[in-house]
$ cat run08.pdb   # PDB, C-alpha atoms
ATOM      1  CA  MET M   1     -25.515 -28.088  42.683  1.00  0.00           C
ATOM      2  CA  ALA M   2     -26.090 -31.715  43.665  1.00  0.00           C
ATOM      3  CA  VAL M   3     -25.998 -33.919  46.729  1.00  0.00           C
ATOM      4  CA  GLN M   4     -23.573 -36.697  45.801  1.00  0.00           C
ATOM      5  CA  TYR M   5     -22.811 -39.979  47.538  1.00  0.00           C
ATOM      6  CA  TYR M   6     -19.227 -40.560  46.370  1.00  0.00           C
ATOM      7  CA  VAL M   7     -17.837 -43.855  47.643  1.00  0.00           C
ATOM      8  CA  ALA M   8     -15.804 -46.948  46.788  1.00  0.00           C
ATOM      9  CA  SER M   9     -17.196 -50.421  47.343  1.00  0.00           C
ATOM     10  CA  SER M  10     -16.197 -54.028  46.947  1.00  0.00           C
ATOM     11  CA  ILE M  11     -18.018 -55.895  44.189  1.00  0.00           C
ATOM     12  CA  ASP M  12     -20.215 -57.515  46.830  1.00  0.00           C
ATOM     13  CA  GLY M  13     -21.326 -54.175  48.261  1.00  0.00           C
ATOM     14  CA  PHE M  14     -19.123 -53.419  51.280  1.00  0.00           C
ATOM     15  CA  ILE M  15     -17.367 -50.109  51.994  1.00  0.00           C
ATOM     16  CA  ALA M  16     -15.327 -51.404  54.930  1.00  0.00           C
ATOM     17  CA  ASP M  17     -14.324 -54.912  55.968  1.00  0.00           C
ATOM     18  CA  ALA M  18     -15.655 -56.824  58.987  1.00  0.00           C
ATOM     19  CA  ASP M  19     -13.161 -54.954  61.219  1.00  0.00           C
ATOM     20  CA  ASN M  20     -14.342 -51.579  59.836  1.00  0.00           C
ATOM     21  CA  LYS M  21     -11.024 -51.150  58.001  1.00  0.00           C
ATOM     22  CA  ILE M  22     -10.319 -50.057  54.438  1.00  0.00           C
ATOM     23  CA  ASP M  23      -6.912 -51.683  53.942  1.00  0.00           C
ATOM     24  CA  TRP M  24      -8.506 -53.672  51.117  1.00  0.00           C
ATOM     25  CA  LEU M  25      -9.156 -50.361  49.328  1.00  0.00           C
ATOM     26  CA  LEU M  26      -5.812 -48.771  50.124  1.00  0.00           C
ATOM     27  CA  GLN M  27      -3.959 -51.650  48.450  1.00  0.00           C
ATOM     28  CA  PHE M  28      -5.067 -50.192  45.098  1.00  0.00           C
ATOM     29  CA  GLY M  29      -3.322 -46.885  45.851  1.00  0.00           C
ATOM     30  CA  MET M  30      -4.628 -43.425  45.086  1.00  0.00           C
ATOM     31  CA  GLU M  31      -2.485 -42.604  42.059  1.00  0.00           C
ATOM     32  CA  PRO M  32      -4.724 -44.187  39.414  1.00  0.00           C
ATOM     33  CA  TYR M  33      -7.723 -42.269  40.772  1.00  0.00           C
ATOM     34  CA  GLN M  34      -6.122 -38.977  41.903  1.00  0.00           C
ATOM     35  CA  GLU M  35      -7.012 -36.865  38.862  1.00  0.00           C
ATOM     36  CA  HIS M  36     -10.569 -38.161  38.950  1.00  0.00           C
ATOM     37  CA  TYR M  37     -10.854 -37.412  42.707  1.00  0.00           C
ATOM     38  CA  ASP M  38      -9.297 -33.948  42.281  1.00  0.00           C
ATOM     39  CA  ARG M  39     -11.991 -33.040  39.740  1.00  0.00           C
ATOM     40  CA  PHE M  40     -14.686 -34.310  42.092  1.00  0.00           C
ATOM     41  CA  ILE M  41     -13.431 -32.515  45.220  1.00  0.00           C
ATOM     42  CA  ALA M  42     -12.977 -29.236  43.309  1.00  0.00           C
ATOM     43  CA  GLY M  43     -16.768 -29.116  42.949  1.00  0.00           C
ATOM     44  CA  VAL M  44     -17.532 -29.815  46.627  1.00  0.00           C
ATOM     45  CA  GLY M  45     -18.748 -26.916  48.774  1.00  0.00           C
ATOM     46  CA  ALA M  46     -19.970 -28.851  51.826  1.00  0.00           C
ATOM     47  CA  ILE M  47     -19.564 -32.317  53.337  1.00  0.00           C
ATOM     48  CA  VAL M  48     -21.972 -34.438  55.389  1.00  0.00           C
ATOM     49  CA  MET M  49     -20.732 -37.556  57.181  1.00  0.00           C
ATOM     50  CA  GLY M  50     -21.603 -39.817  60.066  1.00  0.00           C
ATOM     51  CA  SER M  51     -19.723 -40.131  63.322  1.00  0.00           C
ATOM     52  CA  LYS M  52     -17.988 -43.388  62.317  1.00  0.00           C
ATOM     53  CA  THR M  53     -16.459 -41.729  59.253  1.00  0.00           C
ATOM     54  CA  TYR M  54     -15.397 -38.725  61.328  1.00  0.00           C
ATOM     55  CA  GLU M  55     -13.799 -40.960  63.949  1.00  0.00           C
ATOM     56  CA  PHE M  56     -12.081 -42.981  61.220  1.00  0.00           C
ATOM     57  CA  LEU M  57     -10.548 -39.784  59.814  1.00  0.00           C
ATOM     58  CA  LEU M  58      -9.458 -38.709  63.304  1.00  0.00           C
ATOM     59  CA  ASP M  59      -7.895 -42.123  63.927  1.00  0.00           C
ATOM     60  CA  GLU M  60      -5.930 -41.878  60.680  1.00  0.00           C
ATOM     61  CA  GLY M  61      -3.767 -39.329  62.495  1.00  0.00           C
ATOM     62  CA  THR M  62      -3.627 -36.761  59.734  1.00  0.00           C
ATOM     63  CA  GLU M  63      -1.586 -33.751  60.794  1.00  0.00           C
ATOM     64  CA  SER M  64      -4.323 -31.395  59.668  1.00  0.00           C
ATOM     65  CA  TRP M  65      -7.939 -31.745  58.628  1.00  0.00           C
ATOM     66  CA  PRO M  66      -7.822 -32.369  54.861  1.00  0.00           C
ATOM     67  CA  TYR M  67     -11.084 -30.479  54.306  1.00  0.00           C
ATOM     68  CA  ALA M  68     -10.298 -27.341  56.326  1.00  0.00           C
ATOM     69  CA  GLN M  69     -11.813 -24.996  53.748  1.00  0.00           C
ATOM     70  CA  ILE M  70     -15.039 -26.993  53.393  1.00  0.00           C
ATOM     71  CA  PRO M  71     -17.845 -26.746  55.973  1.00  0.00           C
ATOM     72  CA  THR M  72     -18.463 -30.251  57.282  1.00  0.00           C
ATOM     73  CA  TRP M  73     -21.475 -31.616  59.167  1.00  0.00           C
ATOM     74  CA  VAL M  74     -21.034 -34.697  61.352  1.00  0.00           C
ATOM     75  CA  VAL M  75     -24.319 -36.433  62.128  1.00  0.00           C
ATOM     76  CA  THR M  76     -24.038 -37.780  65.666  1.00  0.00           C
ATOM     77  CA  HIS M  77     -25.794 -38.023  69.004  1.00  0.00           C
ATOM     78  CA  ARG M  78     -22.478 -38.268  70.853  1.00  0.00           C
ATOM     79  CA  GLU M  79     -20.012 -35.626  71.903  1.00  0.00           C
ATOM     80  CA  LEU M  80     -16.948 -35.841  69.667  1.00  0.00           C
ATOM     81  CA  PRO M  81     -13.698 -33.871  69.665  1.00  0.00           C
ATOM     82  CA  ALA M  82     -13.514 -30.802  67.462  1.00  0.00           C
ATOM     83  CA  ILE M  83     -10.587 -30.167  65.144  1.00  0.00           C
ATOM     84  CA  GLU M  84      -8.777 -26.878  65.540  1.00  0.00           C
ATOM     85  CA  GLY M  85      -8.947 -24.754  62.393  1.00  0.00           C
ATOM     86  CA  ALA M  86     -11.649 -26.882  60.760  1.00  0.00           C
ATOM     87  CA  ASP M  87     -15.226 -25.860  60.059  1.00  0.00           C
ATOM     88  CA  VAL M  88     -16.804 -28.986  61.565  1.00  0.00           C
ATOM     89  CA  ARG M  89     -20.376 -28.799  62.816  1.00  0.00           C
ATOM     90  CA  PHE M  90     -21.986 -31.530  64.893  1.00  0.00           C
ATOM     91  CA  ALA M  91     -25.678 -32.187  64.251  1.00  0.00           C
ATOM     92  CA  ALA M  92     -27.971 -34.539  66.142  1.00  0.00           C
ATOM     93  CA  GLY M  93     -31.110 -33.665  64.224  1.00  0.00           C
ATOM     94  CA  ASP M  94     -32.899 -34.795  61.145  1.00  0.00           C
ATOM     95  CA  VAL M  95     -30.635 -35.779  58.226  1.00  0.00           C
ATOM     96  CA  GLY M  96     -32.953 -33.879  55.881  1.00  0.00           C
ATOM     97  CA  GLN M  97     -32.317 -30.646  57.771  1.00  0.00           C
ATOM     98  CA  VAL M  98     -28.570 -31.307  57.891  1.00  0.00           C
ATOM     99  CA  ILE M  99     -28.525 -31.762  54.110  1.00  0.00           C
ATOM    100  CA  GLN M 100     -30.565 -28.594  53.641  1.00  0.00           C
ATOM    101  CA  ASP M 101     -28.070 -26.664  55.800  1.00  0.00           C
ATOM    102  CA  ALA M 102     -25.176 -28.142  53.797  1.00  0.00           C
ATOM    103  CA  ARG M 103     -26.880 -27.231  50.494  1.00  0.00           C
ATOM    104  CA  GLU M 104     -27.249 -23.639  51.652  1.00  0.00           C
ATOM    105  CA  ALA M 105     -23.576 -23.493  52.685  1.00  0.00           C
ATOM    106  CA  ALA M 106     -22.447 -25.090  49.411  1.00  0.00           C
ATOM    107  CA  GLY M 107     -24.177 -22.460  47.287  1.00  0.00           C
ATOM    108  CA  ASP M 108     -23.430 -23.224  43.629  1.00  0.00           C
ATOM    109  CA  THR M 109     -21.233 -26.228  44.463  1.00  0.00           C
ATOM    110  CA  ASN M 110     -21.996 -29.814  45.486  1.00  0.00           C
ATOM    111  CA  VAL M 111     -22.612 -31.537  48.807  1.00  0.00           C
ATOM    112  CA  TRP M 112     -20.571 -34.706  49.357  1.00  0.00           C
ATOM    113  CA  LEU M 113     -22.143 -37.462  51.444  1.00  0.00           C
ATOM    114  CA  MET M 114     -18.844 -38.908  52.607  1.00  0.00           C
ATOM    115  CA  GLY M 115     -17.965 -42.308  53.929  1.00  0.00           C
ATOM    116  CA  GLY M 116     -20.261 -44.712  55.640  1.00  0.00           C
ATOM    117  CA  GLY M 117     -23.554 -45.842  54.244  1.00  0.00           C
ATOM    118  CA  ASP M 118     -25.850 -45.072  57.197  1.00  0.00           C
ATOM    119  CA  VAL M 119     -26.169 -41.316  56.628  1.00  0.00           C
ATOM    120  CA  ALA M 120     -26.234 -41.786  52.846  1.00  0.00           C
ATOM    121  CA  ALA M 121     -28.980 -44.404  53.240  1.00  0.00           C
ATOM    122  CA  GLN M 122     -31.058 -42.036  55.373  1.00  0.00           C
ATOM    123  CA  ALA M 123     -30.640 -39.360  52.680  1.00  0.00           C
ATOM    124  CA  ALA M 124     -31.491 -41.859  49.922  1.00  0.00           C
ATOM    125  CA  ASP M 125     -34.587 -43.008  51.820  1.00  0.00           C
ATOM    126  CA  LEU M 126     -35.692 -39.347  51.767  1.00  0.00           C
ATOM    127  CA  GLU M 127     -34.719 -39.123  48.057  1.00  0.00           C
ATOM    128  CA  LEU M 128     -32.295 -36.295  48.834  1.00  0.00           C
ATOM    129  CA  VAL M 129     -29.353 -37.830  46.956  1.00  0.00           C
ATOM    130  CA  ASP M 130     -29.063 -36.395  43.457  1.00  0.00           C
ATOM    131  CA  GLU M 131     -26.156 -38.575  42.300  1.00  0.00           C
ATOM    132  CA  PHE M 132     -24.604 -41.844  43.409  1.00  0.00           C
ATOM    133  CA  HIS M 133     -20.885 -41.990  42.470  1.00  0.00           C
ATOM    134  CA  LEU M 134     -19.982 -45.620  43.101  1.00  0.00           C
ATOM    135  CA  THR M 135     -16.520 -46.952  42.319  1.00  0.00           C
ATOM    136  CA  LEU M 136     -16.623 -50.743  42.314  1.00  0.00           C
ATOM    137  CA  MET M 137     -13.223 -52.135  43.232  1.00  0.00           C
ATOM    138  CA  PRO M 138     -12.147 -55.514  41.861  1.00  0.00           C
ATOM    139  CA  ILE M 139     -12.303 -57.354  45.181  1.00  0.00           C
ATOM    140  CA  ILE M 140     -14.833 -59.449  47.124  1.00  0.00           C
ATOM    141  CA  LEU M 141     -14.917 -58.989  50.907  1.00  0.00           C
ATOM    142  CA  GLY M 142     -17.700 -61.377  51.917  1.00  0.00           C
ATOM    143  CA  LYS M 143     -18.806 -59.253  54.868  1.00  0.00           C
ATOM    144  CA  GLY M 144     -18.388 -55.809  56.346  1.00  0.00           C
ATOM    145  CA  ALA M 145     -20.091 -52.413  56.401  1.00  0.00           C
ATOM    146  CA  PRO M 146     -22.809 -52.304  53.738  1.00  0.00           C
ATOM    147  CA  LEU M 147     -22.704 -49.765  50.939  1.00  0.00           C
ATOM    148  CA  LEU M 148     -26.230 -48.439  51.390  1.00  0.00           C
ATOM    149  CA  PRO M 149     -28.393 -50.048  54.115  1.00  0.00           C
ATOM    150  CA  LEU M 150     -31.747 -48.641  52.961  1.00  0.00           C
ATOM    151  CA  ALA M 151     -34.976 -48.944  54.912  1.00  0.00           C
ATOM    152  CA  GLU M 152     -36.885 -49.530  51.647  1.00  0.00           C
ATOM    153  CA  PRO M 153     -35.919 -50.304  48.040  1.00  0.00           C
ATOM    154  CA  THR M 154     -35.436 -47.260  45.819  1.00  0.00           C
ATOM    155  CA  ARG M 155     -37.146 -46.473  42.599  1.00  0.00           C
ATOM    156  CA  PRO M 156     -35.043 -47.149  39.462  1.00  0.00           C
ATOM    157  CA  LEU M 157     -31.898 -45.114  38.872  1.00  0.00           C
ATOM    158  CA  ALA M 158     -30.513 -43.913  35.560  1.00  0.00           C
ATOM    159  CA  LEU M 159     -26.866 -44.380  34.619  1.00  0.00           C
ATOM    160  CA  LEU M 160     -25.415 -40.943  33.833  1.00  0.00           C
ATOM    161  CA  ARG M 161     -21.856 -42.020  32.993  1.00  0.00           C
ATOM    162  CA  HIS M 162     -19.146 -44.529  33.779  1.00  0.00           C
ATOM    163  CA  THR M 163     -15.364 -44.533  34.006  1.00  0.00           C
ATOM    164  CA  LEU M 164     -13.218 -47.635  33.599  1.00  0.00           C
ATOM    165  CA  PHE M 165      -9.850 -47.632  35.396  1.00  0.00           C
ATOM    166  CA  GLU M 166      -6.838 -49.747  34.402  1.00  0.00           C
ATOM    167  CA  SER M 167      -6.943 -51.448  37.821  1.00  0.00           C
ATOM    168  CA  GLY M 168     -10.272 -53.027  36.863  1.00  0.00           C
ATOM    169  CA  ALA M 169     -12.255 -50.612  39.021  1.00  0.00           C
ATOM    170  CA  VAL M 170     -15.326 -49.027  37.468  1.00  0.00           C
ATOM    171  CA  GLU M 171     -17.007 -45.809  38.552  1.00  0.00           C
ATOM    172  CA  LEU M 172     -20.737 -45.731  37.902  1.00  0.00           C
ATOM    173  CA  VAL M 173     -22.686 -42.488  38.333  1.00  0.00           C
ATOM    174  CA  TYR M 174     -26.432 -42.856  38.785  1.00  0.00           C
ATOM    175  CA  SER M 175     -29.306 -40.454  39.427  1.00  0.00           C
ATOM    176  CA  TYR M 176     -32.911 -40.801  40.558  1.00  0.00           C
ATOM    177  CA  HIS M 177     -33.853 -37.663  38.722  1.00  0.00           C
ATOM    178  CA  ALA M 178     -32.698 -38.733  35.259  1.00  0.00           C
ATOM    179  CA  ALA M 179     -34.693 -41.971  35.584  1.00  0.00           C
ATOM    180  CA  GLY M 180     -37.961 -40.028  35.691  1.00  0.00           C
TER     181      GLY M 180
END
$ encode --input "run08.pdb" --output "structure tokens"
Amino acid sequence: MAVQYYVASSIDGFIADADNKIDWLLQFGMEPYQEHYDRFIAGVGAIVMGSKTYEFLLDEGTESWPYAQIPTWVVTHRELPAIEGADVRFAAGDVGQVIQDAREAAGDTNVWLMGGGDVAAQAADLELVDEFHLTLMPIILGKGAPLLPLAEPTRPLALLRHTLFESGAVELVYSYHAAG
């Protein structure tokens, strides 16, 4: 079981554009990555995200919560709408405790740090992220939401594996723990 930050980024390190949109990512389509994503999500037993990611998913207008069977923690200090039929839990506390709760719920499966970089950066600052799954997309945005706005630099990471996609995207999987 691992805590995994699974995210796509522009080459220059942005996960959303200056308007907090991901149209730049959607232009690549999901088809080339679907099998890869399906394997990843099959191993997820809990999700942790920030309020911006949660609101983004709500704004997408999906007819039903796509992660209904997966307990999901939303780190927020605001009151946000719940989703009927979804196991969504709102947490205003320490990110470390939220991740611990998610780990316990996930059991033998993984915890996905989904979406925005703020919660993932807090977890990385605490060295609670076991794996960084970064898919670099072949595009430069120039500005936007940063991939991982850390408070301090990390110690070196070890490359565990990589996947090259025909689109020119590259997934890189890193770990603190393998780097020693």
$ resolve_selection --input "run08.pdb" --expression "the PyMOL selection byres ((chain M and resi 115) around 8)" --output "list in words"
Tyr6, Val7, Met49, Gly50, Thr53, Leu113, Met114, Gly116 and Gly117 of chain M
$ closest_atom_pairs --input "run08.pdb" --of "segment 36-111 of chain M" --to "segment 135-147 of chain M" --cutoff "12 Å" --atoms "all atoms listed in the file" --output "JSON lines"
{"residue": "M:His36", "atom": "CA", "partner": "M:Thr135", "partner_atom": "CA", "distance": 11.1}
{"residue": "M:Tyr37", "atom": "CA", "partner": "M:Thr135", "partner_atom": "CA", "distance": 11.1}
{"residue": "M:Lys52", "atom": "CA", "partner": "M:Ala145", "partner_atom": "CA", "distance": 11.0}
{"residue": "M:Thr53", "atom": "CA", "partner": "M:Ala145", "partner_atom": "CA", "distance": 11.6}
$ closest_residue --input "run08.pdb" --among "M:Phe165, M:Tyr67, M:Phe90, M:Phe132" --to "Ala46 of chain M" --atoms "only C-alpha atoms"
M:Tyr67
$ closest_residue --input "run08.pdb" --among "M:Leu148, M:Val98, M:Val75, M:Leu159" --to "Asp12 of chain M" --atoms "only C-alpha atoms"
M:Leu148
$ residues_around --input "run08.pdb" --residues "Glu104 of chain M" --least-positions-apart "2" --cutoff "12 Å" --atoms "all atoms listed in the file" --output "list of chain:residue names"
M:Met1, M:Ala2, M:Val3, M:Gly45, M:Ala46, M:Ile47, M:Pro71, M:Gln97, M:Val98, M:Ile99, M:Gln100, M:Asp101, M:Ala102, M:Ala106, M:Gly107, M:Asp108, M:Thr109, M:Asn110, M:Val111
$ residues_around --input "run08.pdb" --residues "Leu134 of chain M" --least-positions-apart "3" --cutoff "6 Å" --atoms "only C-alpha atoms" --output "PyMOL selection string"
chain M and resi 7-8+171-172
$ residues_near_point --input "run08.pdb" --point "(-3.7, -49.1, 37.5)" --cutoff "8 Å" --atoms "all atoms listed in the file" --output "PDB file with C-alpha atoms, in the coordinates of the input"
ATOM      1  CA  PHE M  28      -5.067 -50.192  45.098  1.00  0.00           C
ATOM      2  CA  PRO M  32      -4.724 -44.187  39.414  1.00  0.00           C
ATOM      3  CA  PHE M 165      -9.850 -47.632  35.396  1.00  0.00           C
ATOM      4  CA  GLU M 166      -6.838 -49.747  34.402  1.00  0.00           C
ATOM      5  CA  SER M 167      -6.943 -51.448  37.821  1.00  0.00           C
ATOM      6  CA  GLY M 168     -10.272 -53.027  36.863  1.00  0.00           C
TER       7      GLY M 168
END
$ residues_around --input "run08.pdb" --residues "Glu79 of chain M" --least-positions-apart "4" --cutoff "12 Å" --atoms "only C-alpha atoms" --output "PyMOL selection string"
chain M and resi 51+54-55+74-75+89-92
$ resolve_selection --input "run08.pdb" --expression "the PyMOL selection byres ((chain M and resi 83) around 10)" --output "MDAnalysis selection string"
chainID M and resid 58 64:65 68 80:82 84:88
$ atom_distance --input "run08.pdb" --atom1 "atom CA of Val173 of chain M" --atom2 "atom CA of Ala124 of chain M"
14.6 Å
$ atom_distance --input "run08.pdb" --atom1 "atom CA of Tyr5 of chain M" --atom2 "atom CA of Asp19 of chain M"
22.5 Å
$ closest_residue --input "run08.pdb" --among "M:Ile70, M:Val170, M:Val119, M:Ala18" --to "His133 of chain M" --atoms "only C-alpha atoms"
M:Val170
$ residues_around --input "run08.pdb" --residues "Glu127 of chain M" --least-positions-apart "2" --cutoff "12 Å" --atoms "all atoms listed in the file" --output "PyMOL selection string"
chain M and resi 3-5+95-96+99+120-125+129-132+150-157+175-177
$ atom_distance --input "run08.pdb" --atom1 "atom CA of Ile22 of chain M" --atom2 "atom CA of Val44 of chain M"
22.9 Å
$ closest_residue --input "run08.pdb" --among "M:Val48, M:His162, M:Asp38, M:Ser9" --to "Trp24 of chain M" --atoms "all atoms listed in the file"
M:Ser9
$ closest_residue --input "run08.pdb" --among "M:Ala169, M:Gly13, M:Thr163, M:Leu128" --to "Gly29 of chain M" --atoms "all atoms listed in the file"
M:Ala169
$ build_atoms --input "run08.pdb" --residues "segment 18-42 of chain M" --atoms "N, CA and C atoms" --output "PDB file, in the frame of the given file"
ATOM      1  N   ALA M  18     -14.985 -56.429  57.749  1.00  0.00           N
ATOM      2  CA  ALA M  18     -15.655 -56.824  58.987  1.00  0.00           C
ATOM      3  C   ALA M  18     -15.059 -56.140  60.215  1.00  0.00           C
ATOM      4  N   ASP M  19     -13.808 -55.672  60.120  1.00  0.00           N
ATOM      5  CA  ASP M  19     -13.161 -54.954  61.219  1.00  0.00           C
ATOM      6  C   ASP M  19     -13.278 -53.442  61.063  1.00  0.00           C
ATOM      7  N   ASN M  20     -14.140 -52.995  60.154  1.00  0.00           N
ATOM      8  CA  ASN M  20     -14.342 -51.579  59.836  1.00  0.00           C
ATOM      9  C   ASN M  20     -13.066 -50.912  59.333  1.00  0.00           C
ATOM     10  N   LYS M  21     -12.277 -51.646  58.584  1.00  0.00           N
ATOM     11  CA  LYS M  21     -11.024 -51.150  58.001  1.00  0.00           C
ATOM     12  C   LYS M  21     -11.173 -51.035  56.491  1.00  0.00           C
ATOM     13  N   ILE M  22     -10.306 -50.196  55.899  1.00  0.00           N
ATOM     14  CA  ILE M  22     -10.319 -50.057  54.438  1.00  0.00           C
ATOM     15  C   ILE M  22      -8.964 -50.409  53.817  1.00  0.00           C
ATOM     16  N   ASP M  23      -8.197 -51.242  54.496  1.00  0.00           N
ATOM     17  CA  ASP M  23      -6.912 -51.683  53.942  1.00  0.00           C
ATOM     18  C   ASP M  23      -7.093 -52.327  52.571  1.00  0.00           C
ATOM     19  N   TRP M  24      -8.209 -53.027  52.393  1.00  0.00           N
ATOM     20  CA  TRP M  24      -8.506 -53.672  51.117  1.00  0.00           C
ATOM     21  C   TRP M  24      -8.570 -52.640  49.997  1.00  0.00           C
ATOM     22  N   LEU M  25      -9.059 -51.436  50.310  1.00  0.00           N
ATOM     23  CA  LEU M  25      -9.156 -50.361  49.328  1.00  0.00           C
ATOM     24  C   LEU M  25      -7.803 -49.696  49.116  1.00  0.00           C
ATOM     25  N   LEU M  26      -7.097 -49.462  50.195  1.00  0.00           N
ATOM     26  CA  LEU M  26      -5.812 -48.771  50.124  1.00  0.00           C
ATOM     27  C   LEU M  26      -4.771 -49.537  49.324  1.00  0.00           C
ATOM     28  N   GLN M  27      -4.917 -50.855  49.226  1.00  0.00           N
ATOM     29  CA  GLN M  27      -3.959 -51.650  48.450  1.00  0.00           C
ATOM     30  C   GLN M  27      -3.943 -51.260  46.975  1.00  0.00           C
ATOM     31  N   PHE M  28      -5.013 -50.615  46.489  1.00  0.00           N
ATOM     32  CA  PHE M  28      -5.067 -50.192  45.098  1.00  0.00           C
ATOM     33  C   PHE M  28      -4.333 -48.873  44.874  1.00  0.00           C
ATOM     34  N   GLY M  29      -4.011 -48.169  45.961  1.00  0.00           N
ATOM     35  CA  GLY M  29      -3.322 -46.885  45.851  1.00  0.00           C
ATOM     36  C   GLY M  29      -4.251 -45.794  45.362  1.00  0.00           C
ATOM     37  N   MET M  30      -3.813 -44.559  45.506  1.00  0.00           N
ATOM     38  CA  MET M  30      -4.628 -43.425  45.086  1.00  0.00           C
ATOM     39  C   MET M  30      -4.232 -42.920  43.704  1.00  0.00           C
ATOM     40  N   GLU M  31      -3.010 -43.176  43.304  1.00  0.00           N
ATOM     41  CA  GLU M  31      -2.485 -42.604  42.059  1.00  0.00           C
ATOM     42  C   GLU M  31      -3.381 -42.812  40.843  1.00  0.00           C
ATOM     43  N   PRO M  32      -3.899 -44.020  40.613  1.00  0.00           N
ATOM     44  CA  PRO M  32      -4.724 -44.187  39.414  1.00  0.00           C
ATOM     45  C   PRO M  32      -6.017 -43.364  39.433  1.00  0.00           C
ATOM     46  N   TYR M  33      -6.431 -42.943  40.615  1.00  0.00           N
ATOM     47  CA  TYR M  33      -7.723 -42.269  40.772  1.00  0.00           C
ATOM     48  C   TYR M  33      -7.575 -40.790  41.137  1.00  0.00           C
ATOM     49  N   GLN M  34      -6.354 -40.318  41.357  1.00  0.00           N
ATOM     50  CA  GLN M  34      -6.122 -38.977  41.903  1.00  0.00           C
ATOM     51  C   GLN M  34      -6.729 -37.869  41.041  1.00  0.00           C
ATOM     52  N   GLU M  35      -6.488 -37.908  39.747  1.00  0.00           N
ATOM     53  CA  GLU M  35      -7.012 -36.865  38.862  1.00  0.00           C
ATOM     54  C   GLU M  35      -8.544 -36.847  38.892  1.00  0.00           C
ATOM     55  N   HIS M  36      -9.123 -38.017  38.889  1.00  0.00           N
ATOM     56  CA  HIS M  36     -10.569 -38.161  38.950  1.00  0.00           C
ATOM     57  C   HIS M  36     -11.104 -37.575  40.268  1.00  0.00           C
ATOM     58  N   TYR M  37     -10.470 -37.926  41.391  1.00  0.00           N
ATOM     59  CA  TYR M  37     -10.854 -37.412  42.707  1.00  0.00           C
ATOM     60  C   TYR M  37     -10.664 -35.895  42.775  1.00  0.00           C
ATOM     61  N   ASP M  38      -9.560 -35.398  42.257  1.00  0.00           N
ATOM     62  CA  ASP M  38      -9.297 -33.948  42.281  1.00  0.00           C
ATOM     63  C   ASP M  38     -10.402 -33.173  41.571  1.00  0.00           C
ATOM     64  N   ARG M  39     -10.878 -33.691  40.449  1.00  0.00           N
ATOM     65  CA  ARG M  39     -11.991 -33.040  39.740  1.00  0.00           C
ATOM     66  C   ARG M  39     -13.253 -33.058  40.593  1.00  0.00           C
ATOM     67  N   PHE M  40     -13.507 -34.191  41.245  1.00  0.00           N
ATOM     68  CA  PHE M  40     -14.686 -34.310  42.092  1.00  0.00           C
ATOM     69  C   PHE M  40     -14.619 -33.319  43.255  1.00  0.00           C
ATOM     70  N   ILE M  41     -13.535 -33.335  44.007  1.00  0.00           N
ATOM     71  CA  ILE M  41     -13.431 -32.515  45.220  1.00  0.00           C
ATOM     72  C   ILE M  41     -13.424 -31.021  44.890  1.00  0.00           C
ATOM     73  N   ALA M  42     -12.972 -30.647  43.712  1.00  0.00           N
ATOM     74  CA  ALA M  42     -12.977 -29.236  43.309  1.00  0.00           C
ATOM     75  C   ALA M  42     -14.399 -28.689  43.226  1.00  0.00           C
TER      76      ALA M  42
END
